[in-house]
>>> print(open('coords-v4.csv').read())   # CSV, C-alpha atoms (C1' of nucleotides)
chain,number,residue,atom,x,y,z
B,1,MET,CA,25.0,39.4,11.1
B,2,ALA,CA,26.3,36.7,13.3
B,3,LYS,CA,24.9,33.3,12.4
B,4,PRO,CA,22.6,32.1,15.2
B,5,PRO,CA,23.3,28.7,16.6
B,6,LEU,CA,21.1,25.9,15.3
B,7,SER,CA,19.6,23.4,17.7
B,8,ARG,CA,16.3,21.9,18.5
B,9,GLU,CA,15.5,24.8,20.7
B,10,THR,CA,16.3,27.5,18.1
B,11,LEU,CA,14.7,25.6,15.3
B,12,LEU,CA,11.4,24.7,17.0
B,13,PRO,CA,9.9,28.2,17.1
B,14,GLN,CA,10.4,28.7,13.4
B,15,LEU,CA,9.2,25.3,12.5
B,16,ALA,CA,6.1,25.9,14.7
B,17,ALA,CA,5.4,29.2,12.9
B,18,HIS,CA,5.6,27.5,9.5
B,19,VAL,CA,3.3,24.7,10.7
B,20,LEU,CA,0.7,27.1,12.0
B,21,ASN,CA,0.6,28.8,8.6
B,22,HIS,CA,0.8,25.7,6.3
B,23,GLY,CA,-0.5,22.8,8.2
B,24,LEU,CA,1.1,19.9,9.9
B,25,GLY,CA,0.1,16.8,7.9
B,26,GLY,CA,1.3,18.1,4.6
B,27,ALA,CA,4.6,19.5,6.0
B,28,SER,CA,7.6,17.9,4.4
B,29,LEU,CA,11.2,18.3,5.5
B,30,ARG,CA,12.4,20.5,2.7
B,31,PRO,CA,9.9,23.3,3.1
B,32,LEU,CA,10.1,23.1,6.9
B,33,ALA,CA,13.9,23.4,6.7
B,34,LYS,CA,13.6,26.4,4.3
B,35,ALA,CA,11.3,28.1,6.7
B,36,ALA,CA,13.8,27.6,9.5
B,37,GLY,CA,16.7,28.7,7.4
B,38,THR,CA,18.4,25.3,7.3
B,39,SER,CA,18.3,22.1,5.3
B,40,ASP,CA,16.4,18.9,5.5
B,41,ARG,CA,19.8,17.3,6.1
B,42,MET,CA,20.1,19.3,9.4
B,43,LEU,CA,16.6,18.7,10.5
B,44,ILE,CA,17.2,14.9,10.4
B,45,TYR,CA,20.6,15.5,12.1
B,46,HIS,CA,19.0,17.4,15.0
B,47,PHE,CA,15.8,15.4,15.4
B,48,GLY,CA,16.8,11.9,14.3
B,49,ASN,CA,13.8,11.4,12.0
B,50,LYS,CA,10.7,13.1,10.9
B,51,GLU,CA,8.5,11.3,13.4
B,52,GLN,CA,10.5,12.6,16.3
B,53,LEU,CA,10.6,16.0,14.8
B,54,VAL,CA,6.8,16.1,14.6
B,55,ALA,CA,6.5,14.8,18.1
B,56,ASP,CA,8.9,17.5,19.4
B,57,LEU,CA,7.1,20.1,17.4
B,58,LEU,CA,3.7,19.1,18.7
B,59,ASP,CA,5.1,19.3,22.2
B,60,HIS,CA,6.5,22.7,21.5
B,61,ILE,CA,3.2,24.0,20.0
B,62,ALA,CA,1.4,22.7,23.1
B,63,GLY,CA,3.7,24.9,25.1
B,64,ILE,CA,3.0,27.9,23.0
B,65,TYR,CA,-0.7,27.3,23.4
B,66,SER,CA,-0.3,27.1,27.1
B,67,ALA,CA,1.6,30.3,27.2
B,68,ALA,CA,-1.0,32.0,25.1
B,69,LEU,CA,-3.7,30.9,27.5
B,70,GLU,CA,-1.7,32.0,30.5
B,71,SER,CA,-1.2,35.5,29.1
B,72,ALA,CA,-4.9,35.8,28.1
B,73,ILE,CA,-6.0,35.2,31.7
B,74,GLY,CA,-7.4,37.8,34.0
B,75,GLU,CA,-9.9,39.6,31.7
B,76,GLN,CA,-13.0,40.9,33.3
B,77,PRO,CA,-14.8,37.9,34.8
B,78,SER,CA,-18.1,36.7,33.4
B,79,ALA,CA,-21.3,37.0,35.3
B,80,THR,CA,-23.0,33.9,34.0
B,81,ARG,CA,-22.1,30.7,32.3
B,82,GLN,CA,-23.9,31.8,29.2
B,83,GLU,CA,-21.7,35.0,29.1
B,84,CYS,CA,-18.6,32.9,29.7
B,85,PHE,CA,-19.6,30.5,26.9
B,86,ASP,CA,-20.4,33.3,24.5
B,87,ARG,CA,-17.2,35.1,25.1
B,88,ILE,CA,-14.9,32.1,24.7
B,89,LEU,CA,-16.8,30.9,21.6
B,90,ALA,CA,-16.5,34.3,20.0
B,91,GLN,CA,-12.8,34.3,20.7
B,92,GLY,CA,-12.5,30.8,19.1
B,93,ARG,CA,-14.3,32.0,16.1
B,94,HIS,CA,-12.1,35.0,15.6
B,95,PRO,CA,-10.2,34.8,12.3
B,96,MET,CA,-7.0,35.3,14.1
B,97,MET,CA,-7.6,31.9,15.7
B,98,GLN,CA,-8.1,30.1,12.5
B,99,PRO,CA,-4.5,28.8,12.1
B,100,PHE,CA,-4.7,27.4,15.5
B,101,MET,CA,-8.0,25.8,14.7
B,102,VAL,CA,-6.8,24.2,11.5
B,103,LEU,CA,-3.9,22.8,13.3
B,104,TRP,CA,-6.1,21.6,16.2
B,105,TRP,CA,-8.3,19.5,13.9
B,106,GLU,CA,-5.2,18.0,12.4
B,107,ILE,CA,-4.1,17.0,15.8
B,108,VAL,CA,-7.5,15.5,16.6
B,109,ALA,CA,-7.5,13.6,13.3
B,110,GLY,CA,-4.0,12.4,13.9
B,111,ALA,CA,-4.9,11.3,17.4
B,112,ALA,CA,-7.9,9.4,16.0
B,113,ARG,CA,-5.6,7.6,13.5
B,114,GLY,CA,-3.1,6.8,16.2
B,115,ILE,CA,-0.1,8.8,14.8
B,116,PRO,CA,2.5,8.9,17.5
B,117,GLY,CA,2.6,12.1,19.5
B,118,TYR,CA,-0.7,13.5,18.3
B,119,ARG,CA,-2.9,12.2,21.1
B,120,GLU,CA,-0.4,13.3,23.7
B,121,ALA,CA,-0.3,16.8,22.3
B,122,GLY,CA,-4.0,17.0,22.1
B,123,GLU,CA,-4.5,15.7,25.6
B,124,GLN,CA,-2.0,18.2,26.9
B,125,MET,CA,-3.6,21.1,25.1
B,126,MET,CA,-7.1,20.2,26.3
B,127,ALA,CA,-5.9,19.8,29.8
B,128,LYS,CA,-4.4,23.3,29.7
B,129,GLN,CA,-7.5,24.7,28.2
B,130,LEU,CA,-9.7,23.1,30.8
B,131,ALA,CA,-7.6,24.5,33.6
B,132,TRP,CA,-7.8,27.9,32.0
B,133,LEU,CA,-11.5,27.6,31.6
B,134,GLU,CA,-12.0,26.8,35.3
B,135,LYS,CA,-10.5,30.1,36.2
B,136,GLN,CA,-12.7,31.9,33.7
B,137,MET,CA,-15.9,30.5,35.3
B,138,PRO,CA,-18.3,33.0,36.9
B,139,GLU,CA,-17.5,34.1,40.4
B,140,GLY,CA,-20.3,32.5,42.3
B,141,ASP,CA,-20.7,29.4,40.2
B,142,PRO,CA,-22.1,26.6,42.3
B,143,ASP,CA,-19.8,24.0,40.6
B,144,PRO,CA,-16.9,25.6,38.7
B,145,LYS,CA,-15.1,22.3,38.1
B,146,GLY,CA,-18.0,20.4,36.6
B,147,GLY,CA,-19.3,23.5,35.0
B,148,ALA,CA,-16.1,24.1,33.2
B,149,ARG,CA,-16.1,20.6,31.9
B,150,PHE,CA,-19.7,21.0,30.7
B,151,LEU,CA,-18.9,24.3,29.0
B,152,MET,CA,-15.8,22.8,27.4
B,153,THR,CA,-17.8,19.9,25.9
B,154,LEU,CA,-20.3,22.4,24.5
B,155,LEU,CA,-17.6,24.7,23.2
B,156,GLU,CA,-15.7,22.0,21.4
B,157,GLY,CA,-18.9,20.7,19.9
B,158,SER,CA,-19.8,24.1,18.8
B,159,ILE,CA,-16.5,24.8,17.2
B,160,MET,CA,-16.6,21.5,15.3
B,161,LEU,CA,-20.0,22.2,14.0
B,162,ASP,CA,-18.8,25.6,12.9
B,163,THR,CA,-16.0,23.9,11.0
B,164,VAL,CA,-18.4,21.9,8.8
B,165,GLY,CA,-20.7,24.8,8.2
B,166,HIS,CA,-23.2,24.2,11.0
B,167,GLU,CA,-22.9,27.4,13.0
B,168,ARG,CA,-26.6,27.7,13.2
B,169,THR,CA,-27.0,24.2,14.6
B,170,ALA,CA,-24.7,24.9,17.5
B,171,GLU,CA,-26.2,28.3,18.2
B,172,GLU,CA,-29.8,27.0,18.2
B,173,GLY,CA,-28.7,24.1,20.4
B,174,ILE,CA,-27.2,26.4,22.9
B,175,ALA,CA,-30.2,28.7,22.8
B,176,ALA,CA,-32.5,25.7,23.5
B,177,GLY,CA,-30.3,24.3,26.3
B,178,HIS,CA,-30.7,26.7,29.2
B,179,LEU,CA,-27.1,27.0,30.4
P,1,MET,CA,-16.2,-15.2,-13.8
P,2,ALA,CA,-17.5,-12.4,-15.9
P,3,LYS,CA,-15.6,-9.2,-15.5
P,4,PRO,CA,-17.8,-6.6,-13.9
P,5,PRO,CA,-18.1,-3.3,-15.7
P,6,LEU,CA,-16.1,-0.5,-14.4
P,7,SER,CA,-17.6,2.9,-13.8
P,8,ARG,CA,-17.8,5.6,-11.1
P,9,GLU,CA,-20.7,3.7,-9.6
P,10,THR,CA,-19.1,0.3,-9.4
P,11,LEU,CA,-15.8,1.7,-8.3
P,12,LEU,CA,-17.0,4.0,-5.5
P,13,PRO,CA,-18.1,1.3,-3.0
P,14,GLN,CA,-14.8,-0.4,-3.2
P,15,LEU,CA,-12.9,2.8,-2.9
P,16,ALA,CA,-15.1,3.8,0.1
P,17,ALA,CA,-14.3,0.5,1.8
P,18,HIS,CA,-10.6,1.0,1.4
P,19,VAL,CA,-10.8,4.6,2.6
P,20,LEU,CA,-12.7,3.5,5.7
P,21,ASN,CA,-10.0,1.1,6.6
P,22,HIS,CA,-6.9,3.1,5.6
P,23,GLY,CA,-7.8,6.7,5.9
P,24,LEU,CA,-8.5,9.4,3.4
P,25,GLY,CA,-5.7,11.8,3.5
P,26,GLY,CA,-3.0,9.3,3.0
P,27,ALA,CA,-4.8,7.5,0.3
P,28,SER,CA,-2.9,7.6,-3.0
P,29,LEU,CA,-4.1,6.5,-6.4
P,30,ARG,CA,-2.2,3.2,-6.8
P,31,PRO,CA,-3.3,1.6,-3.5
P,32,LEU,CA,-6.9,2.9,-4.1
P,33,ALA,CA,-6.9,1.4,-7.6
P,34,LYS,CA,-5.5,-1.9,-6.3
P,35,ALA,CA,-8.3,-2.1,-3.7
P,36,ALA,CA,-10.8,-1.5,-6.5
P,37,GLY,CA,-9.3,-4.1,-8.8
P,38,THR,CA,-8.2,-1.6,-11.4
P,39,SER,CA,-5.3,0.8,-12.1
P,40,ASP,CA,-4.4,4.4,-11.2
P,41,ARG,CA,-4.7,5.0,-14.9
P,42,MET,CA,-8.4,4.1,-14.9
P,43,LEU,CA,-9.2,6.0,-11.8
P,44,ILE,CA,-8.0,9.2,-13.5
P,45,TYR,CA,-9.8,8.2,-16.6
P,46,HIS,CA,-13.1,7.8,-14.7
P,47,PHE,CA,-12.9,10.7,-12.3
P,48,GLY,CA,-10.7,13.2,-14.2
P,49,ASN,CA,-8.3,13.9,-11.4
P,50,LYS,CA,-7.7,13.0,-7.8
P,51,GLU,CA,-9.5,16.0,-6.4
P,52,GLN,CA,-12.6,15.1,-8.2
P,53,LEU,CA,-12.3,11.5,-7.1
P,54,VAL,CA,-12.0,12.5,-3.5
P,55,ALA,CA,-15.0,14.8,-3.8
P,56,ASP,CA,-17.1,12.1,-5.4
P,57,LEU,CA,-15.9,9.6,-2.8
P,58,LEU,CA,-16.8,11.9,0.1
P,59,ASP,CA,-20.2,12.3,-1.4
P,60,HIS,CA,-20.6,8.6,-1.7
P,61,ILE,CA,-19.5,8.0,1.8
P,62,ALA,CA,-22.0,10.6,3.1
P,63,GLY,CA,-24.6,8.5,1.3
P,64,ILE,CA,-23.5,5.4,3.0
P,65,TYR,CA,-23.6,7.2,6.3
P,66,SER,CA,-27.1,8.4,5.6
P,67,ALA,CA,-28.2,4.9,4.7
P,68,ALA,CA,-26.6,3.5,7.9
P,69,LEU,CA,-28.5,6.0,10.0
P,70,GLU,CA,-31.8,5.3,8.2
P,71,SER,CA,-31.5,1.6,8.9
P,72,ALA,CA,-30.6,2.2,12.5
P,73,ILE,CA,-33.8,4.1,13.2
P,74,GLY,CA,-36.7,2.8,15.1
P,75,GLU,CA,-35.0,1.3,18.1
P,76,GLN,CA,-36.9,1.5,21.3
P,77,PRO,CA,-37.3,5.2,22.1
P,78,SER,CA,-35.5,6.9,25.0
P,79,ALA,CA,-37.4,8.1,28.0
P,80,THR,CA,-35.2,11.1,28.8
P,81,ARG,CA,-32.6,13.3,27.1
P,82,GLN,CA,-30.0,11.8,29.3
P,83,GLU,CA,-30.9,8.3,28.3
P,84,CYS,CA,-30.9,9.4,24.6
P,85,PHE,CA,-27.5,11.0,25.0
P,86,ASP,CA,-26.0,8.0,26.8
P,87,ARG,CA,-27.2,5.6,24.2
P,88,ILE,CA,-25.9,7.5,21.2
P,89,LEU,CA,-22.6,8.3,22.9
P,90,ALA,CA,-22.1,4.6,23.7
P,91,GLN,CA,-22.9,3.7,20.1
P,92,GLY,CA,-20.3,6.3,18.9
P,93,ARG,CA,-17.7,4.9,21.2
P,94,HIS,CA,-18.2,1.3,20.0
P,95,PRO,CA,-15.1,-0.1,18.4
P,96,MET,CA,-17.1,-0.9,15.3
P,97,MET,CA,-17.6,2.8,14.8
P,98,GLN,CA,-13.9,3.6,15.0
P,99,PRO,CA,-13.2,3.6,11.2
P,100,PHE,CA,-16.0,6.0,10.7
P,101,MET,CA,-14.7,8.2,13.5
P,102,VAL,CA,-11.2,8.3,12.1
P,103,LEU,CA,-12.6,9.3,8.7
P,104,TRP,CA,-14.9,11.8,10.3
P,105,TRP,CA,-12.0,13.7,12.0
P,106,GLU,CA,-10.2,13.7,8.7
P,107,ILE,CA,-13.2,15.3,7.1
P,108,VAL,CA,-13.4,17.9,9.8
P,109,ALA,CA,-9.6,18.6,9.5
P,110,GLY,CA,-10.0,18.8,5.7
P,111,ALA,CA,-12.9,21.2,6.1
P,112,ALA,CA,-10.9,23.4,8.4
P,113,ARG,CA,-8.1,23.6,5.9
P,114,GLY,CA,-10.5,24.3,3.0
P,115,ILE,CA,-9.8,21.2,1.0
P,116,PRO,CA,-12.5,21.1,-1.7
P,117,GLY,CA,-15.4,18.8,-1.0
P,118,TYR,CA,-14.6,18.2,2.7
P,119,ARG,CA,-16.8,20.9,4.1
P,120,GLU,CA,-19.7,19.9,1.9
P,121,ALA,CA,-19.4,16.3,2.9
P,122,GLY,CA,-19.2,17.1,6.6
P,123,GLU,CA,-22.1,19.5,6.4
P,124,GLN,CA,-24.2,16.8,4.6
P,125,MET,CA,-23.3,14.2,7.2
P,126,MET,CA,-24.0,16.4,10.1
P,127,ALA,CA,-27.4,17.4,8.6
P,128,LYS,CA,-28.3,13.8,8.3
P,129,GLN,CA,-27.2,13.0,11.8
P,130,LEU,CA,-29.2,15.9,13.1
P,131,ALA,CA,-32.3,14.8,11.3
P,132,TRP,CA,-31.8,11.3,12.7
P,133,LEU,CA,-31.2,12.6,16.2
P,134,GLU,CA,-34.5,14.6,16.1
P,135,LYS,CA,-36.4,11.4,15.6
P,136,GLN,CA,-34.5,9.7,18.4
P,137,MET,CA,-35.5,12.4,20.9
P,138,PRO,CA,-37.8,11.3,23.9
P,139,GLU,CA,-41.5,11.1,23.1
P,140,GLY,CA,-42.8,14.0,25.2
P,141,ASP,CA,-39.8,16.3,24.9
P,142,PRO,CA,-40.8,19.9,25.1
P,143,ASP,CA,-38.5,21.1,22.4
P,144,PRO,CA,-37.3,18.2,20.2
P,145,LYS,CA,-35.8,20.4,17.6
P,146,GLY,CA,-33.7,22.6,19.9
P,147,GLY,CA,-33.0,19.7,22.2
P,148,ALA,CA,-31.6,17.6,19.3
P,149,ARG,CA,-29.3,20.5,18.4
P,150,PHE,CA,-28.2,20.8,22.0
P,151,LEU,CA,-27.6,17.1,22.4
P,152,MET,CA,-25.7,17.0,19.1
P,153,THR,CA,-23.4,19.7,20.2
P,154,LEU,CA,-22.7,17.9,23.4
P,155,LEU,CA,-22.3,14.6,21.7
P,156,GLU,CA,-19.7,15.9,19.2
P,157,GLY,CA,-17.8,17.7,21.9
P,158,SER,CA,-17.8,14.5,23.9
P,159,ILE,CA,-16.5,12.4,21.1
P,160,MET,CA,-13.8,14.9,20.3
P,161,LEU,CA,-12.6,14.9,23.9
P,162,ASP,CA,-12.7,11.1,23.8
P,163,THR,CA,-10.4,11.2,20.8
P,164,VAL,CA,-7.7,13.1,22.6
P,165,GLY,CA,-7.9,11.0,25.7
P,166,HIS,CA,-10.3,13.2,27.8
P,167,GLU,CA,-13.1,10.7,28.2
P,168,ARG,CA,-13.4,11.6,31.9
P,169,THR,CA,-13.6,15.3,31.1
P,170,ALA,CA,-16.7,14.9,28.9
P,171,GLU,CA,-18.3,12.5,31.3
P,172,GLU,CA,-17.8,14.7,34.3
P,173,GLY,CA,-19.1,17.7,32.3
P,174,ILE,CA,-22.3,15.9,31.4
P,175,ALA,CA,-22.8,14.7,34.9
P,176,ALA,CA,-22.5,18.3,36.1
P,177,GLY,CA,-24.7,19.7,33.4
P,178,HIS,CA,-28.2,18.5,34.3
P,179,LEU,CA,-29.5,17.5,30.9
U,1,DA,C1',50.7,22.5,15.7
U,2,DA,C1',48.2,18.2,15.8
U,3,DC,C1',44.2,15.9,16.9
U,4,DT,C1',39.2,15.2,17.6
U,5,DG,C1',34.4,15.4,17.4
U,6,DA,C1',30.4,18.0,16.4
U,7,DA,C1',28.1,20.7,12.8
U,8,DT,C1',27.2,21.5,8.0
U,9,DG,C1',27.1,21.4,2.7
U,10,DT,C1',26.6,18.6,-1.6
U,11,DA,C1',24.8,15.1,-3.9
U,12,DG,C1',22.1,11.5,-4.6
U,13,DC,C1',19.6,7.1,-3.3
U,14,DG,C1',15.2,4.4,-4.0
U,15,DA,C1',10.5,4.9,-3.4
U,16,DT,C1',6.2,7.1,-4.4
U,17,DC,C1',3.4,10.8,-6.0
U,18,DG,C1',-0.3,12.5,-9.6
U,19,DC,C1',-0.7,12.2,-14.2
U,20,DT,C1',0.0,11.4,-19.4
U,21,DA,C1',1.5,9.7,-24.0
U,22,DC,C1',0.7,6.0,-26.9
U,23,DA,C1',-1.1,2.1,-28.8
U,24,DA,C1',-4.2,-1.6,-28.9
U,25,DG,C1',-8.6,-4.0,-28.0
U,26,DG,C1',-13.9,-4.2,-28.1
U,27,DC,C1',-17.9,-3.0,-30.1
U,28,DA,C1',-21.6,-0.7,-32.6
U,29,DA,C1',-23.0,2.1,-36.7
U,30,DA,C1',-22.4,2.8,-41.5
N,1,DT,C1',-15.4,-4.4,-44.0
N,2,DT,C1',-14.4,-0.1,-42.5
N,3,DT,C1',-14.8,3.6,-39.4
N,4,DG,C1',-14.9,5.7,-35.1
N,5,DC,C1',-15.6,5.9,-30.2
N,6,DC,C1',-15.2,4.0,-25.6
N,7,DT,C1',-12.3,1.5,-22.7
N,8,DT,C1',-8.0,-0.4,-21.1
N,9,DG,C1',-2.8,-1.8,-20.6
N,10,DT,C1',2.0,-0.5,-20.7
N,11,DA,C1',5.4,2.5,-19.8
N,12,DG,C1',7.2,6.3,-18.1
N,13,DC,C1',7.4,11.4,-17.1
N,14,DG,C1',9.0,15.0,-13.7
N,15,DA,C1',8.4,16.1,-9.0
N,16,DT,C1',8.8,15.2,-4.3
N,17,DC,C1',9.3,12.1,-0.4
N,18,DG,C1',12.4,10.7,3.9
N,19,DC,C1',16.8,9.7,4.5
N,20,DT,C1',22.0,8.8,3.9
N,21,DA,C1',27.0,8.6,2.2
N,22,DC,C1',30.7,11.4,2.0
N,23,DA,C1',33.6,15.2,2.5
N,24,DT,C1',34.6,19.4,4.6
N,25,DT,C1',34.7,23.1,8.0
N,26,DC,C1',35.2,24.7,12.6
N,27,DA,C1',36.0,24.9,17.7
N,28,DG,C1',38.1,23.3,21.5
N,29,DT,C1',41.6,20.2,23.8
N,30,DT,C1',46.1,18.5,24.3
>>> encode(input="coords-v4.csv", output="structure tokens")
Amino acid sequence: MAKPPLSRETLLPQLAAHVLNHGLGGASLRPLAKAAGTSDRMLIYHFGNKEQLVADLLDHIAGIYSAALESAIGEQPSATRQECFDRILAQGRHPMMQPFMVLWWEIVAGAARGIPGYREAGEQMMAKQLAWLEKQMPEGDPDPKGGARFLMTLLEGSIMLDTVGHERTAEEGIAAGHL
Amino acid sequence: MAKPPLSRETLLPQLAAHVLNHGLGGASLRPLAKAAGTSDRMLIYHFGNKEQLVADLLDHIAGIYSAALESAIGEQPSATRQECFDRILAQGRHPMMQPFMVLWWEIVAGAARGIPGYREAGEQMMAKQLAWLEKQMPEGDPDPKGGARFLMTLLEGSIMLDTVGHERTAEEGIAAGHL
DNA sequence: AACTGAATGTAGCGATCGCTACAAGGCAAA
DNA sequence: TTTGCCTTGTAGCGATCGCTACATTCAGTT
């Protein structure tokens, strides 16, 4: 077993995997290093300090997210906005997505508190999601660009309400608001 | 200057004030104690452990939030859903509200990660906000109950998008989605 | 072979974390 | 006065935090 080279690039995927499973805020150097098969000493060596490591990591995760969206494109198109909304919300609620969601709210919370790198990562991920959503809009939609933004706002609100136990609230709101 | 008695009840307001200004996740016992004019030793004595302290604190903050909403009721009513939405969003965007927002996203993130007490506090605060929003709905609204849930979903989505730098996205979405 | 600089291991720094052991003070009941 | 409980101060525990000093190994150049 040849020892693989260690660098930012080889480290980041393993660090990202650990963060997706164990959270971002509570991640400290030693567990991160262990997950990546190295030492805290080397993480600092390669990234300079923890703040830079987190910033690079968030950027990398945003890239992963983009790639995941790219590969998830081209399903059968939705016929209506309602159907489009329902499908994407169901996908977001899937247990498989939970690690992403946990991380996502950490990013939002970090952005709100002004932690360096968080807002940029969140902005980037939302921009990517928005672009993806535009392509998912129904074929003959009269205003795909505005509609995508409208659906996105509703989707994110719904997911947040889910997170604090208000699934019903969002559902009843959508039912009442003729999409 | 008589020394005020120390108990959960007298401590909680001061702890809440500190948390609103310095965040919840990063709050450790010693700074909290200092802000409340006591010692970490006494915080543990009164609350048992930190987890219980945070749970009690979140409950208390939810109460503060409820009271703030109660007292903010009875402004001039909105004529349309759009006006209602605009007014509340503008209020949420006010710099004065930022400490609440920072804390709010911490609560959501904590709820997503399953930290004890976070989800309950978030649920309670959202329930209160929803009840408040129902009373803020326009006078002759055909479906105030469903409409409030719909507006709330949009509002929360908008505020989240704001937080990661997508103010325009939410605004354009609302403009496109004839309320 | 000698030199050089990047990569890595070992060990530990000072700070902070949540929490506890222990003793002393305050006060009301006996 | 004595007893006993509630409250509080002092001190410190073991663990973990981000980070660094120092020495060593290793690859490539000359």
>>> interface_residues(input="coords-v4.csv", of="chain B", to="chain P", cutoff="7 Å", atoms="all atoms listed in the file", output="tab-separated table (two decimals) with C-alpha atoms, in the coordinates of the input")
chain	number	residue	atom	x	y	z
B	102	VAL	CA	-6.80	24.20	11.50
B	105	TRP	CA	-8.30	19.50	13.90
B	106	GLU	CA	-5.20	18.00	12.40
B	108	VAL	CA	-7.50	15.50	16.60
B	109	ALA	CA	-7.50	13.60	13.30
B	111	ALA	CA	-4.90	11.30	17.40
B	112	ALA	CA	-7.90	9.40	16.00
B	113	ARG	CA	-5.60	7.60	13.50
B	119	ARG	CA	-2.90	12.20	21.10
B	122	GLY	CA	-4.00	17.00	22.10
B	123	GLU	CA	-4.50	15.70	25.60
B	146	GLY	CA	-18.00	20.40	36.60
B	147	GLY	CA	-19.30	23.50	35.00
B	149	ARG	CA	-16.10	20.60	31.90
B	150	PHE	CA	-19.70	21.00	30.70
B	153	THR	CA	-17.80	19.90	25.90
B	154	LEU	CA	-20.30	22.40	24.50
B	156	GLU	CA	-15.70	22.00	21.40
B	157	GLY	CA	-18.90	20.70	19.90
B	158	SER	CA	-19.80	24.10	18.80
B	163	THR	CA	-16.00	23.90	11.00
B	164	VAL	CA	-18.40	21.90	8.80
B	165	GLY	CA	-20.70	24.80	8.20
B	166	HIS	CA	-23.20	24.20	11.00
B	169	THR	CA	-27.00	24.20	14.60
B	170	ALA	CA	-24.70	24.90	17.50
B	172	GLU	CA	-29.80	27.00	18.20
B	173	GLY	CA	-28.70	24.10	20.40
B	174	ILE	CA	-27.20	26.40	22.90
B	176	ALA	CA	-32.50	25.70	23.50
B	177	GLY	CA	-30.30	24.30	26.30
>>> closest_residue(input="coords-v4.csv", among="B:Val54, B:Leu43, B:Leu11, B:Ala27", to="chain U", atoms="only C-alpha atoms (C1' of nucleotides)")
B:Leu43
>>> interface_residues(input="coords-v4.csv", of="chain P", to="chain U", cutoff="10 Å", atoms="all atoms listed in the file", output="JSON, numbers by chain")
{"P": [28, 29, 30, 40, 41, 44, 49, 50]}
>>> residues_around(input="coords-v4.csv", residues="stretch 61-74 of chain P", least_positions_apart="2", cutoff="7 Å", atoms="all atoms listed in the file", output="ChimeraX atom specification")
/P:16,57-59,76,121,124-125,128,132
>>> interface_residues(input="coords-v4.csv", of="chain P", to="chain N", cutoff="12 Å", atoms="all atoms listed in the file", output="ChimeraX atom specification")
/P:5-7,38-43,45-46
>>> atom_distance(input="coords-v4.csv", atom1="atom CA of B:Met96", atom2="atom CA of B:Leu24")
17.9 Å
>>> atom_distance(input="coords-v4.csv", atom1="atom CA of P:Gly48", atom2="atom CA of P:His18")
19.8 Å
>>> residues_around(input="coords-v4.csv", residues="B:Leu15", least_positions_apart="3", cutoff="9 Å", atoms="all atoms listed in the file", output="count of residues only")
10
>>> atom_distance(input="coords-v4.csv", atom1="atom CA of B:Glu9", atom2="atom CA of B:Phe100")
21.0 Å
>>> build_atoms(input="coords-v4.csv", residues="stretch 115-126 of chain P", atoms="N, CA and C atoms", output="CSV table (one decimal), in the coordinates of the input")
chain,number,residue,atom,x,y,z
P,115,ILE,N,-10.0,22.2,2.1
P,115,ILE,CA,-9.8,21.2,1.0
P,115,ILE,C,-11.2,21.1,0.3
P,116,PRO,N,-11.2,21.2,-1.1
P,116,PRO,CA,-12.5,21.1,-1.7
P,116,PRO,C,-13.3,19.8,-1.5
P,117,GLY,N,-14.5,19.9,-1.2
P,117,GLY,CA,-15.4,18.8,-1.0
P,117,GLY,C,-15.5,18.3,0.4
P,118,TYR,N,-14.6,18.7,1.3
P,118,TYR,CA,-14.6,18.2,2.7
P,118,TYR,C,-15.7,18.9,3.5
P,119,ARG,N,-15.7,20.2,3.4
P,119,ARG,CA,-16.8,20.9,4.1
P,119,ARG,C,-18.2,20.4,3.7
P,120,GLU,N,-18.4,20.3,2.4
P,120,GLU,CA,-19.7,19.9,1.9
P,120,GLU,C,-20.1,18.5,2.5
P,121,ALA,N,-19.1,17.6,2.4
P,121,ALA,CA,-19.4,16.3,2.9
P,121,ALA,C,-19.7,16.3,4.4
P,122,GLY,N,-18.9,17.1,5.2
P,122,GLY,CA,-19.2,17.1,6.6
P,122,GLY,C,-20.5,17.8,6.9
P,123,GLU,N,-20.8,18.8,6.2
P,123,GLU,CA,-22.1,19.5,6.4
P,123,GLU,C,-23.3,18.5,6.1
P,124,GLN,N,-23.1,17.8,5.0
P,124,GLN,CA,-24.2,16.8,4.6
P,124,GLN,C,-24.4,15.7,5.7
P,125,MET,N,-23.2,15.2,6.2
P,125,MET,CA,-23.3,14.2,7.2
P,125,MET,C,-23.9,14.7,8.5
P,126,MET,N,-23.5,15.8,8.9
P,126,MET,CA,-24.0,16.4,10.1
P,126,MET,C,-25.5,16.7,10.0
